[in-house]
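J.: Please read through the structure below; I'll follow up with questions.
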Amino acid sequence: MLEFIIGLYEGFLANPAVEIWQDPAYFIQNVAGGLMVGILYSLVALGYVLIYKASGVFNFAQPMMAIFATLALIMFHDKVLFPAIGTGYGLTIVLAIIGSMVMMLILALLVERLMLRPLVNQPEIILFMATIGLYYFLEGFGETMFNKIANSPVPMESLGMEIGPFFVGGVMFQKVDATAAAVAAVMVILLAVMFQKTSVGRALRAVADDHQAALSVGIPLSVMWVVVWVVAGAVALVSGLMWGASAGAVDFGMVFVALKALPVLILGGFTSIPGVIIGGLIIGVGERIAEIYWSPYLGDSIESWFAYILALIVLIYRPEGLFGEKLIERI
Amino acid sequence: MFYREAGQFKASYGTDQAIFPIAQDKWFVLAVVAAAYLVVPLVANSYWYEVILTPVVVMSLSALGLNVLTGYCGQISLGHGGFMAVGAFAAFKIATAFPELNVIIVFLISGLFAAFAGVIFGIPSLRIKGFYLAVATLASQFFFEWWFQQVGWFSNYAPSGTITAPSQEFMGVVISGPSATGVVKYLIGLTFLVFFCIVVKNLVRSHIGRSWMAIRDMDIAAEIIGIKPLQTKLLAFAISSYIAGVSGALFLFLMRISLEMEAFDIIAISFPVLFMVIVGGLGSVMGSIFGAVFIIGTPVFIKNFPELTTASVILVLAGLSVAWLTKYGVWRWVPLVIGVPLAVFVFFQKFASNTAEHIVLMFFGLSIVLVLIFEPNGLARLWQIAKEKFRLWPYPY
Amino acid sequence: MNATARKKANENAETMLSVEHVSLSFGGVKAIRNVSFDIRKGEIRAIIGPNGAGKTSMLNVINGFYHPQEGTITFKGEKRSDMRPHIAATQGIARTFQNVALFKGMTTLDNIMSGRTLRMKRNMFWQALYFGPARREELEHREYVEEVIDFLEIQHIRRQPVGKLPYGLQKRVELGRALAMEPDLLLLDEPMAGMNLEEKEDMSRFVIDVSEEFGTTVALIEHDMGVVMDLSDRVVVLDHGVLIADGTPDEVQSNQDVIDAYLGISH
Amino acid sequence: MARAAAKATPTDDTFPKLLLRNAKKFTDRPAIREKDLGIWQSWTWADVLDEVRAFAIGLKKMGLKRGDAVAIVGDNKPRLYWTFVATQSLGAIPVPVYQDAVAEEMTYVLRHAEVKYILAQDQEQVDKVLSISEDVKTIKEIIFDEPRGLQNYGHGHIRSFEDVQALGRNELEKGKSAEESWLKEIAKGKGSDTSVILYTSGTTGTPKGVVLSHDNIIITAHNGNKFDNLDEHEEMIAYLPMAWVGDHVFSYGQSYDAGFCVSCPESPETVLDDRREIGPTYFFAPPRVYENMLTQIMVRMEDAGPIKKMMFDAFLKVARRCGEDILNGNQVGFGDRLLYAIGDFLVYGPLRNRMGLSRLKVGYTAGEAIGPEIFRFYRSFGLNLKQLYGQTEAAVYVTAQPDGEIFAETVGKPSIGVDIRITKNGEVQYKSPGVFVEYYKNAAATRATKTRDGWVHTGDAGLFDSHGHLKIIDRAKDVGKLKDGTLFAPKYIENKLKFYPNVKEVVAFGDRRDYCAVMINIDLVAVSNWAERNNIIYAGYQELAAHPDVYKMVKEHVDEVNRSLAAESDIAGSQIHRFLILHKELDADDGELTRTQKVRRGFIADRYAELLKALYSKTSSYRISTEVTFEDGGKGSITGDVKIVDMKPYPAEMAKEAAE
């Protein structure tokens, strides 16, 4: 028994500590890498938070929207018109982005009209399940539509992104990761400003707090929903592009990585933008470090579940997440 | 139309609380079960057994398990595949370690392991609710996926992690393994399904089931009438996972014979089973079976009858446009405007094999949303409504 | 039997529950401040007060939903400062809610049957077979529940899902569920809120019958002063979490503090 | 002939003796059921004997003596039926009282019968009895069945049924003597003893107490059972007032004679559901119940989808064409038989099921003439509905339709043991073993009704048709003549109009007047449903009744009735010339209907004298104000304009042509 405990101590604490001590640069590089990945998690999670805050919908299809938007962009950039057949003409990147955003707008309109509106006043869990349906639909629809362009690379040059490593104080970073992190950071700040300062943002917050109250002050609920789904679509596009850039190519298999945003979400709390930022960083760094230093003792690819278990443990102590609003049950 | 209830009066609470208080219902269900046992083996061929019948009975059982947890107790779970995997791997380990042990007993024992896993991962449900819990259950899914792949012991150190159901004979009949015939596997699966349907039905109409439903409908009020929330939820987790475990064992021994851990991943199992439960009907034993038939039958239908599929998709979309006549104004044409060209386009693609799968995905997604919008209680509720109509026949209400 | 007659019968009854120096606050907001009173066995005790007086919080403290920061509660001779709601239920405290808290997906019968949960002992394995003792137990309890249904005159909605029932009937079903627990102490949170005159009269009759036929002790919150004066043996008046009067309906009615509180004069 | 059919022997010539016999013969067969606490609680004949024994001995202990009157008041409940036999076992006389009787009606009966003990079903009845106890000095004890709300009625003279039984059981435990002396009391009873006093509801004047002996009821009940081959396997539901002779003979007399089980509904509101659950094989209902059922069917089918409606209409036609013939066992073509079989599966069977009459062996209607169309409707749906003609004074049965010989406009052949003669002025008179002993304490009335040689005046005008079936035209005193000498049978006209689902009540006038005119009550359920479909907005009965469209619809009905009257040469002259729709519903509380929902024509003529005058003038509208009694006993008044519509009668010949 004692040996076992010593084993645990050595495996999980002592040996990693020694390793870190011996090679701090490697450790820092991993932390930095984890942070970069984490910010991407945050970006996807941000999409969830936006929609949840404004409409009370936990949009399970958010990662699917990211892939959908990105593939749409690639389609417009690459071969517009008949992507499934593989003929057509490419557009400039700006037009492609606009095209992609138009598609997200159409999607938002359809979702609002055909799915959310009929389900208004239903319990949140029903809406959640409906978004799982949306997830499947988008996957099937997307796979059919983008049959021929799946697995295409993100048009990095057109987007002005550079590939290759760079060094800061002897620690190596990928330019792609850094760009992604920077874009994500800008995105987060923009959204935070929008939520806090603009009238649209205030309206959105009002909608989230109380649908009835929002209605009574004259905010058209449906418009707000479309706006927030479009904003979430934009976030999805950016996050999809960044993921695609760092992964090399975009296809529907990416969704599994994107699902990693879920533990980020519950760790940070559904309703908190700073929460998901910090949650994403914690999970990004945590799983990278765990993978590097603990896998000798637990086995490979701890990443696949580490984030979930970490979130689960946090939830047991804080059911509303680290930054979520505490629920007071009233009777 | 078929009902002649006059004169069926109840002189005791026993008859009043029977599962089927109306004689015609009872006879109908008995007739269906009898047909499943006696008529189906006479007419089915091996394609039917492999593609429809055995999958339907096994997945019905799995959906029944999830329905206990999600439908009756209201705890949504996305980790059902994980618990099925526990059952499958446990059954594999036990069956290979004790080759003499009858596999039927192996199945029943392997469920216990899944039940244990369910209880462990159910503990957070005391504090976590709604989709926080849904996401938390993903933890179990990913953890088991990783664990069974990572630890070679579970697959008896097979290099690819593949496990294969060992063969076994019972009273001269091969009842498991690659050489077992379709009819035997189907009948074993059916027997498990019937048995667990009765068990679950009995549980849900007892105080245990009422406690689950009380927790589901309003947990605060449940606590105030003396229901212990943790115990009740854990019991639901345990029974749900037990049934999931047994169905996982059947999944390996009767359906796949040989599989890897991926067979239980979230896309392969957890979501489809959740769909079965939603489409079939949350909180309905019958609904679990309806859901499994729908989710398993639809892809088979689409693959075998592409023309009919295209036609029926167009019909459904048109029907939708009509159904939304008054509610959504001009928006009601959207399904037609998008759907019809799509359906036609898909048809001219001649159903390249992967396209068919994508159609299935779209179809599932669409049906979930439609079910939630139009009949949140699923096919079981439609069945109920039809039954009510027949009882009232020829009156409209 | 009128209220005065009952009062006489109860005067010497033992104390069923006593609340001593209870204070409760939520993050700095004081909901209840140093309140003490008692409930005697067999009486109908009303708790009244203007909105936000802390009446519902008081009930929540009594049945363990809220945990007071200070003070003790003695129920049937057992002193406690804290408890879980399901333990309160085990000890014999039942309650209804201001906003009906029924199990919407279940029928009237199942809702009331669920009130018997505590009294049902058979384990899962018998239930799974629905055989022998489990079946017998289920049927025995059904019989009791049917008596409750008969008592509340809700036979015609026995098999209907409660979610679709009119509000007044839902309140009755909720009372039925509480009665099915055979409680010693029944807490009713505004049993007549939102009812029309006829429904109020019915409900008053049920409350009196519960007290007389089952001998259940009742504590109720009610806004309708007429109802309170008719029904209750003794009245506690709370205002802003403070107890301002305690006595018979007549005494309370003539109390100056009470009159002020209801007229909204600040202290 | 009458006595030839009598079979009562000293061993089973009274109800208590029948109970002893049944407890031995049908020991474990159910005797009575009651829907209570959600299920049908059943008592076997042995159980009933046990309950009755304890109760009877308890009553004896309480001092009940031979000849004392025991009132029974309440809904149909097992304990109330047991009280009959328990009372009779001690030689005392049960007196059932209508449960909806108002205090003054009840006071009259209780005083007249000098009631000493009362079995009141629930708190409501106990309160009613207590409220009049000052006026009825003879009352000694009140016994209640349903203890709800009665715990604190704590004085010694009010006790529960169980308490009385406990008294009896206590005696029984002491030794054999209690039971033996009870059996001795039973043995003392004989067939000619008074069995029950039934107070007639009284269309006119004060109620009369009809004294019936055990022989009266038992022999008639036995003959009734024999007539329809009823045995211990029948199921019936007891839902009509216990104070009414029909219920007494069917649910008590025939049940004790044949040994079949009687089921008591949970409450008056749930009769329909309870009937569906029990599925009676033997069923009795007054015409209004069948009318209501038909209205319900038609109204609900109106709301059905178009395909279903088409199917229903088509099979309705098939049933009309061949349904009755099939039921009567006549020759019917294969095509029609096939169509009828399909119809039976799709329409008739399900509808019988919805009505709860799937298992019906024989159903009766009586009390009033039933519309021939209504009658045929049920028969064409495969229900063996028959008419009977009966009276309290005859212990019900005077005539009944034998199976296979059903003519809608007649009431059948004389029942077993009944002799009938028709006097010169058209009145039907009969003589039978069921003929009552006397009117209680009213020798004058007895003499006026029963001749010295035992013939009873029915007061009804009738005649025998070629098949030997009796046909009742109207009350003998109501049949009148128009000024031009045309025969005027008001009820005949009223019933024709009442066939239309939209029409609830009709009062026809014409005797010694220039022409026939009617006042109509529309059926609120049917018409409001119709109004909803036609987007007609109205605030209540009065507004709906005055609506021009409603008038238009009713006018069409009246026109059709006129056309059919024109085809009958004898009464073609009594076609309706003018009609109006009353501004309020006729109500028993206002005295416009009897407690059995019969129209009190004379009373209405007085009450609405102004309207009547208007009917026989040229005015087309009249403003009237009427006082009404509300359910709680308060009074108020209704004021409104009533329109009067002129009709164009058909000439007799032309109508015939049109009909052809």
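Residue numbering restarts at 1 in every chain; chains get A, B, ... in the order shown in the structure tokens, and ligands count up from 1 in that same order.
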Among stretch 72-244 of chain C, which residues carry a DSSP assignment of strand (DSSP E), reported as a PDB file with C-alpha atoms, in the first residue's frame?

T.:
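Writing the result to selection13.pdb gives the following:
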```
ATOM      1  CA  THR C  72     -33.501  26.214  17.199  1.00  0.00           C
ATOM      2  CA  ILE C  73     -36.586  24.327  16.225  1.00  0.00           C
ATOM      3  CA  THR C  74     -38.090  21.672  18.438  1.00  0.00           C
ATOM      4  CA  PHE C  75     -40.368  19.254  16.671  1.00  0.00           C
ATOM      5  CA  GLU C  78     -36.569  16.817  19.338  1.00  0.00           C
ATOM      6  CA  LYS C  79     -34.423  19.902  19.146  1.00  0.00           C
ATOM      7  CA  ARG C  80     -32.611  20.776  15.962  1.00  0.00           C
ATOM      8  CA  ILE C  93     -43.890  17.297   8.164  1.00  0.00           C
ATOM      9  CA  ALA C  94     -45.721  17.717   4.869  1.00  0.00           C
ATOM     10  CA  ARG C  95     -46.306  20.860   2.917  1.00  0.00           C
ATOM     11  CA  THR C  96     -47.786  22.497  -0.117  1.00  0.00           C
ATOM     12  CA  LEU C 185     -47.805  18.670  10.814  1.00  0.00           C
ATOM     13  CA  LEU C 186     -49.142  20.050   7.579  1.00  0.00           C
ATOM     14  CA  LEU C 187     -47.703  23.294   6.230  1.00  0.00           C
ATOM     15  CA  LEU C 188     -49.875  25.067   3.690  1.00  0.00           C
ATOM     16  CA  ASP C 189     -48.399  27.984   1.796  1.00  0.00           C
ATOM     17  CA  THR C 217     -51.953  19.907  12.988  1.00  0.00           C
ATOM     18  CA  VAL C 218     -52.052  22.603  10.333  1.00  0.00           C
ATOM     19  CA  ALA C 219     -49.904  25.683   9.872  1.00  0.00           C
ATOM     20  CA  LEU C 220     -50.994  27.884   7.016  1.00  0.00           C
ATOM     21  CA  ILE C 221     -50.044  31.110   5.335  1.00  0.00           C
ATOM     22  CA  ARG C 234     -54.208  31.117  16.667  1.00  0.00           C
ATOM     23  CA  VAL C 235     -52.385  33.561  14.437  1.00  0.00           C
ATOM     24  CA  VAL C 236     -48.749  34.633  14.170  1.00  0.00           C
ATOM     25  CA  VAL C 237     -48.131  37.973  12.477  1.00  0.00           C
ATOM     26  CA  LEU C 238     -44.794  38.676  10.854  1.00  0.00           C
ATOM     27  CA  ASP C 239     -43.644  41.933   9.371  1.00  0.00           C
ATOM     28  CA  VAL C 242     -40.073  40.300  12.863  1.00  0.00           C
ATOM     29  CA  LEU C 243     -42.852  38.779  14.910  1.00  0.00           C
ATOM     30  CA  ILE C 244     -45.244  41.567  15.763  1.00  0.00           C
TER      31      ILE C 244
END
```

J.: Excluding B:Ile109 and its own-chain neighbours fewer than 3 positions away, which residues fall within 9 Å of it when counting only C-alpha atoms? Please give them as a list in words.

T.: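 Those residues are Gly87, Ala90, Ala91, Ile94, Ile104, Ile105, Val106, Leu112, Phe113 and Val246 of chain B.
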
J.: Could you write those residues out with N, CA, C and O atoms, as a PDB file, in the first residue's frame?

T.:
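This went into selection_4.pdb:
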```pdb
ATOM      1  N   GLY B  87     -19.976  -2.966 -20.311  1.00  0.00           N
ATOM      2  CA  GLY B  87     -20.650  -4.266 -20.353  1.00  0.00           C
ATOM      3  C   GLY B  87     -20.000  -5.190 -21.360  1.00  0.00           C
ATOM      4  O   GLY B  87     -19.753  -6.368 -21.073  1.00  0.00           O
ATOM      5  N   ALA B  90     -16.502  -6.246 -20.144  1.00  0.00           N
ATOM      6  CA  ALA B  90     -16.634  -7.134 -18.987  1.00  0.00           C
ATOM      7  C   ALA B  90     -17.072  -8.516 -19.459  1.00  0.00           C
ATOM      8  O   ALA B  90     -16.529  -9.543 -19.040  1.00  0.00           O
ATOM      9  N   ALA B  91     -18.059  -8.555 -20.350  1.00  0.00           N
ATOM     10  CA  ALA B  91     -18.543  -9.836 -20.843  1.00  0.00           C
ATOM     11  C   ALA B  91     -17.423 -10.577 -21.559  1.00  0.00           C
ATOM     12  O   ALA B  91     -17.242 -11.783 -21.381  1.00  0.00           O
ATOM     13  N   ILE B  94     -14.941 -11.893 -18.922  1.00  0.00           N
ATOM     14  CA  ILE B  94     -15.487 -13.016 -18.149  1.00  0.00           C
ATOM     15  C   ILE B  94     -15.607 -14.258 -19.028  1.00  0.00           C
ATOM     16  O   ILE B  94     -15.229 -15.364 -18.645  1.00  0.00           O
ATOM     17  N   ILE B 104     -25.278 -16.499 -21.127  1.00  0.00           N
ATOM     18  CA  ILE B 104     -26.444 -15.768 -20.625  1.00  0.00           C
ATOM     19  C   ILE B 104     -26.126 -15.198 -19.240  1.00  0.00           C
ATOM     20  O   ILE B 104     -26.409 -14.042 -18.934  1.00  0.00           O
ATOM     21  N   ILE B 105     -25.489 -16.060 -18.435  1.00  0.00           N
ATOM     22  CA  ILE B 105     -25.108 -15.615 -17.091  1.00  0.00           C
ATOM     23  C   ILE B 105     -24.012 -14.557 -17.191  1.00  0.00           C
ATOM     24  O   ILE B 105     -24.006 -13.569 -16.449  1.00  0.00           O
ATOM     25  N   VAL B 106     -23.124 -14.755 -18.145  1.00  0.00           N
ATOM     26  CA  VAL B 106     -22.063 -13.761 -18.359  1.00  0.00           C
ATOM     27  C   VAL B 106     -22.681 -12.392 -18.637  1.00  0.00           C
ATOM     28  O   VAL B 106     -22.273 -11.378 -18.068  1.00  0.00           O
ATOM     29  N   LEU B 112     -23.482  -5.847 -14.148  1.00  0.00           N
ATOM     30  CA  LEU B 112     -23.151  -5.330 -12.816  1.00  0.00           C
ATOM     31  C   LEU B 112     -21.966  -4.369 -12.868  1.00  0.00           C
ATOM     32  O   LEU B 112     -21.928  -3.377 -12.165  1.00  0.00           O
ATOM     33  N   PHE B 113     -20.991  -4.705 -13.718  1.00  0.00           N
ATOM     34  CA  PHE B 113     -19.825  -3.830 -13.826  1.00  0.00           C
ATOM     35  C   PHE B 113     -20.238  -2.468 -14.365  1.00  0.00           C
ATOM     36  O   PHE B 113     -19.812  -1.425 -13.894  1.00  0.00           O
ATOM     37  N   VAL B 246     -25.691  -4.796 -20.144  1.00  0.00           N
ATOM     38  CA  VAL B 246     -26.181  -6.037 -20.737  1.00  0.00           C
ATOM     39  C   VAL B 246     -26.317  -5.860 -22.249  1.00  0.00           C
ATOM     40  O   VAL B 246     -25.913  -6.721 -23.032  1.00  0.00           O
TER      41      VAL B 246
END
```

J.: Given a cut-off of 7 Å, which residues of chain D touch chain C, counting only C-alpha atoms, written out as number ranges by chain?

T.: D: 37-38, 152

J.: Restricted to N, CA, C and O atoms, what would the selected residues look like written as a PDB file, in the first residue's frame?

T.:
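The resulting file, selection07.pdb, is shown below:
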```
ATOM      1  N   LEU D  37     -64.016   4.351  -4.222  1.00  0.00           N
ATOM      2  CA  LEU D  37     -62.563   4.372  -4.094  1.00  0.00           C
ATOM      3  C   LEU D  37     -61.890   3.820  -5.340  1.00  0.00           C
ATOM      4  O   LEU D  37     -60.937   3.064  -5.272  1.00  0.00           O
ATOM      5  N   GLY D  38     -62.464   4.166  -6.484  1.00  0.00           N
ATOM      6  CA  GLY D  38     -61.795   3.865  -7.736  1.00  0.00           C
ATOM      7  C   GLY D  38     -62.055   2.498  -8.340  1.00  0.00           C
ATOM      8  O   GLY D  38     -61.676   2.258  -9.478  1.00  0.00           O
ATOM      9  N   ASN D 152     -69.247  15.427  13.698  1.00  0.00           N
ATOM     10  CA  ASN D 152     -69.571  16.267  14.845  1.00  0.00           C
ATOM     11  C   ASN D 152     -71.057  16.510  15.031  1.00  0.00           C
ATOM     12  O   ASN D 152     -71.467  17.411  15.735  1.00  0.00           O
TER      13      ASN D 152
END
```

J.: Restrict the distance test to only C-alpha atoms, flag each residue of chain C within 9 Å of chain A, and return the flagged residues as a PyMOL selection string.

T.: chain C and resi 56+60+97-99+101

J.: Next, dump the selected residues to file, keeping only N, CA, C and O atoms, as a CSV table (one decimal), in the first residue's frame.

T.:
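This is the output file selection_29.csv:
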```csv
chain,number,residue,atom,x,y,z
C,56,THR,N,-43.1,32.7,4.0
C,56,THR,CA,-42.7,31.5,3.2
C,56,THR,C,-41.3,31.1,3.7
C,56,THR,O,-41.1,29.9,3.9
C,60,ASN,N,-40.1,27.4,5.1
C,60,ASN,CA,-39.0,26.8,4.5
C,60,ASN,C,-38.0,26.4,5.6
C,60,ASN,O,-37.3,25.4,5.5
C,97,PHE,N,-47.1,24.2,-1.7
C,97,PHE,CA,-46.4,25.4,-2.1
C,97,PHE,C,-47.3,26.5,-2.6
C,97,PHE,O,-48.4,26.2,-3.1
C,98,GLN,N,-46.8,27.7,-2.5
C,98,GLN,CA,-47.6,28.8,-3.0
C,98,GLN,C,-47.9,28.7,-4.5
C,98,GLN,O,-49.0,28.8,-4.9
C,99,ASN,N,-46.8,28.4,-5.3
C,99,ASN,CA,-47.0,28.1,-6.7
C,99,ASN,C,-46.9,26.5,-6.7
C,99,ASN,O,-45.9,26.0,-6.5
C,101,ALA,N,-46.5,22.9,-6.7
C,101,ALA,CA,-45.3,22.1,-7.1
C,101,ALA,C,-45.6,20.7,-7.3
C,101,ALA,O,-45.2,19.8,-6.5
```

J.: Once you count only C-alpha atoms, what closest atom pair and distance in Å to one decimal does each residue of chain B within 7 Å of chain A have, with rows by chain and rising residue number, as CSV?

T.:
```
residue,atom,partner,partner_atom,distance
B:Pro124,CA,A:Ile316,CA,5.8
B:Arg127,CA,A:Pro319,CA,6.0
B:Ile128,CA,A:Pro319,CA,5.4
B:Gly130,CA,A:Ile125,CA,6.5
B:Phe131,CA,A:Ile125,CA,6.7
B:Tyr132,CA,A:Ile266,CA,6.4
B:Val135,CA,A:Leu262,CA,6.7
B:Ala136,CA,A:Leu312,CA,5.7
B:Ala139,CA,A:Tyr308,CA,4.7
B:Phe142,CA,A:Trp305,CA,5.2
B:Phe143,CA,A:Trp305,CA,5.3
B:Gln150,CA,A:Gly299,CA,6.3
B:Thr355,CA,A:Thr144,CA,6.3
B:His358,CA,A:Gly140,CA,4.2
B:Ile359,CA,A:Gly140,CA,5.9
B:Leu361,CA,A:Gly140,CA,4.7
B:Met362,CA,A:Phe137,CA,4.0
B:Phe363,CA,A:Phe137,CA,6.9
B:Phe364,CA,A:Tyr136,CA,6.7
B:Gly365,CA,A:Gly133,CA,3.9
B:Leu366,CA,A:Phe137,CA,6.1
B:Ile368,CA,A:Gly133,CA,5.2
B:Val369,CA,A:Ala130,CA,5.1
B:Leu372,CA,A:Ala130,CA,6.7
B:Ile373,CA,A:Leu119,CA,6.0
```

J.: Take atom CA of A:Tyr293 and atom CA of A:Gly280 and report the distance between them in Å, one decimal.

T.: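 Atom CA of A:Gly280 lies 19.7 Å from atom CA of A:Tyr293.
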
J.: Taking a cut-off of 9 Å and counting only C-alpha atoms, can you build a table that, for each residue of chain C near chain B, reports the nearest atom pair and how far apart they are in Å (one decimal), sorted by chain then residue number, as a tab-separated table?

T.:
```
residue	atom	partner	partner_atom	distance
C:Asn63	CA	B:Ile224	CA	7.8
C:Gly64	CA	B:Ile224	CA	8.8
C:Phe65	CA	B:Ile224	CA	8.3
C:Arg84	CA	B:Glu223	CA	8.5
C:Pro85	CA	B:Ile224	CA	5.2
C:His86	CA	B:Gly226	CA	3.9
C:Ile87	CA	B:Gly226	CA	6.6
C:Ala88	CA	B:Gly226	CA	7.6
C:Ala89	CA	B:Gly226	CA	4.8
C:Thr90	CA	B:Gly226	CA	6.1
C:Ile93	CA	B:Ile224	CA	8.6
C:Ala94	CA	B:Ile225	CA	6.7
C:Arg95	CA	B:Ile224	CA	7.5
C:Thr96	CA	B:Ala221	CA	8.7
C:Phe97	CA	B:Ala221	CA	8.7
C:Ala101	CA	B:Ala221	CA	6.0
C:Leu102	CA	B:Ala221	CA	7.2
C:Phe103	CA	B:Asp217	CA	4.9
C:Lys104	CA	B:Asp217	CA	6.1
C:Gly105	CA	B:Asp217	CA	6.5
C:Met106	CA	B:Met213	CA	7.5
C:Asp110	CA	B:Arg210	CA	7.0
C:Asn111	CA	B:Arg210	CA	8.0
C:Met113	CA	B:His207	CA	7.8
C:Ser114	CA	B:Arg210	CA	5.9
C:Gly115	CA	B:Ile225	CA	5.9
C:Arg116	CA	B:His207	CA	8.0
C:Thr117	CA	B:His207	CA	5.8
C:Leu118	CA	B:Gly226	CA	6.0
C:Met120	CA	B:His207	CA	7.1
C:Asn123	CA	B:Ile208	CA	8.7
C:Met124	CA	B:Leu203	CA	7.2
C:Phe125	CA	B:Leu203	CA	8.9
C:Gln127	CA	B:Leu203	CA	5.6
C:Ala128	CA	B:Val199	CA	4.7
C:Leu129	CA	B:Val199	CA	6.3
C:Tyr130	CA	B:Asn202	CA	5.7
C:Ala134	CA	B:Ser206	CA	8.4
C:Arg135	CA	B:Gly14	CA	8.0
C:Arg136	CA	B:Gly14	CA	8.6
C:Glu138	CA	B:Ser206	CA	7.1
C:Leu139	CA	B:Tyr13	CA	6.0
C:Glu140	CA	B:Tyr13	CA	8.7
C:Arg142	CA	B:Tyr13	CA	7.3
C:Glu143	CA	B:Tyr13	CA	7.9
C:Arg177	CA	B:Ile225	CA	8.3
C:Ala178	CA	B:Ile225	CA	7.4
C:Met181	CA	B:Ile225	CA	7.4
```
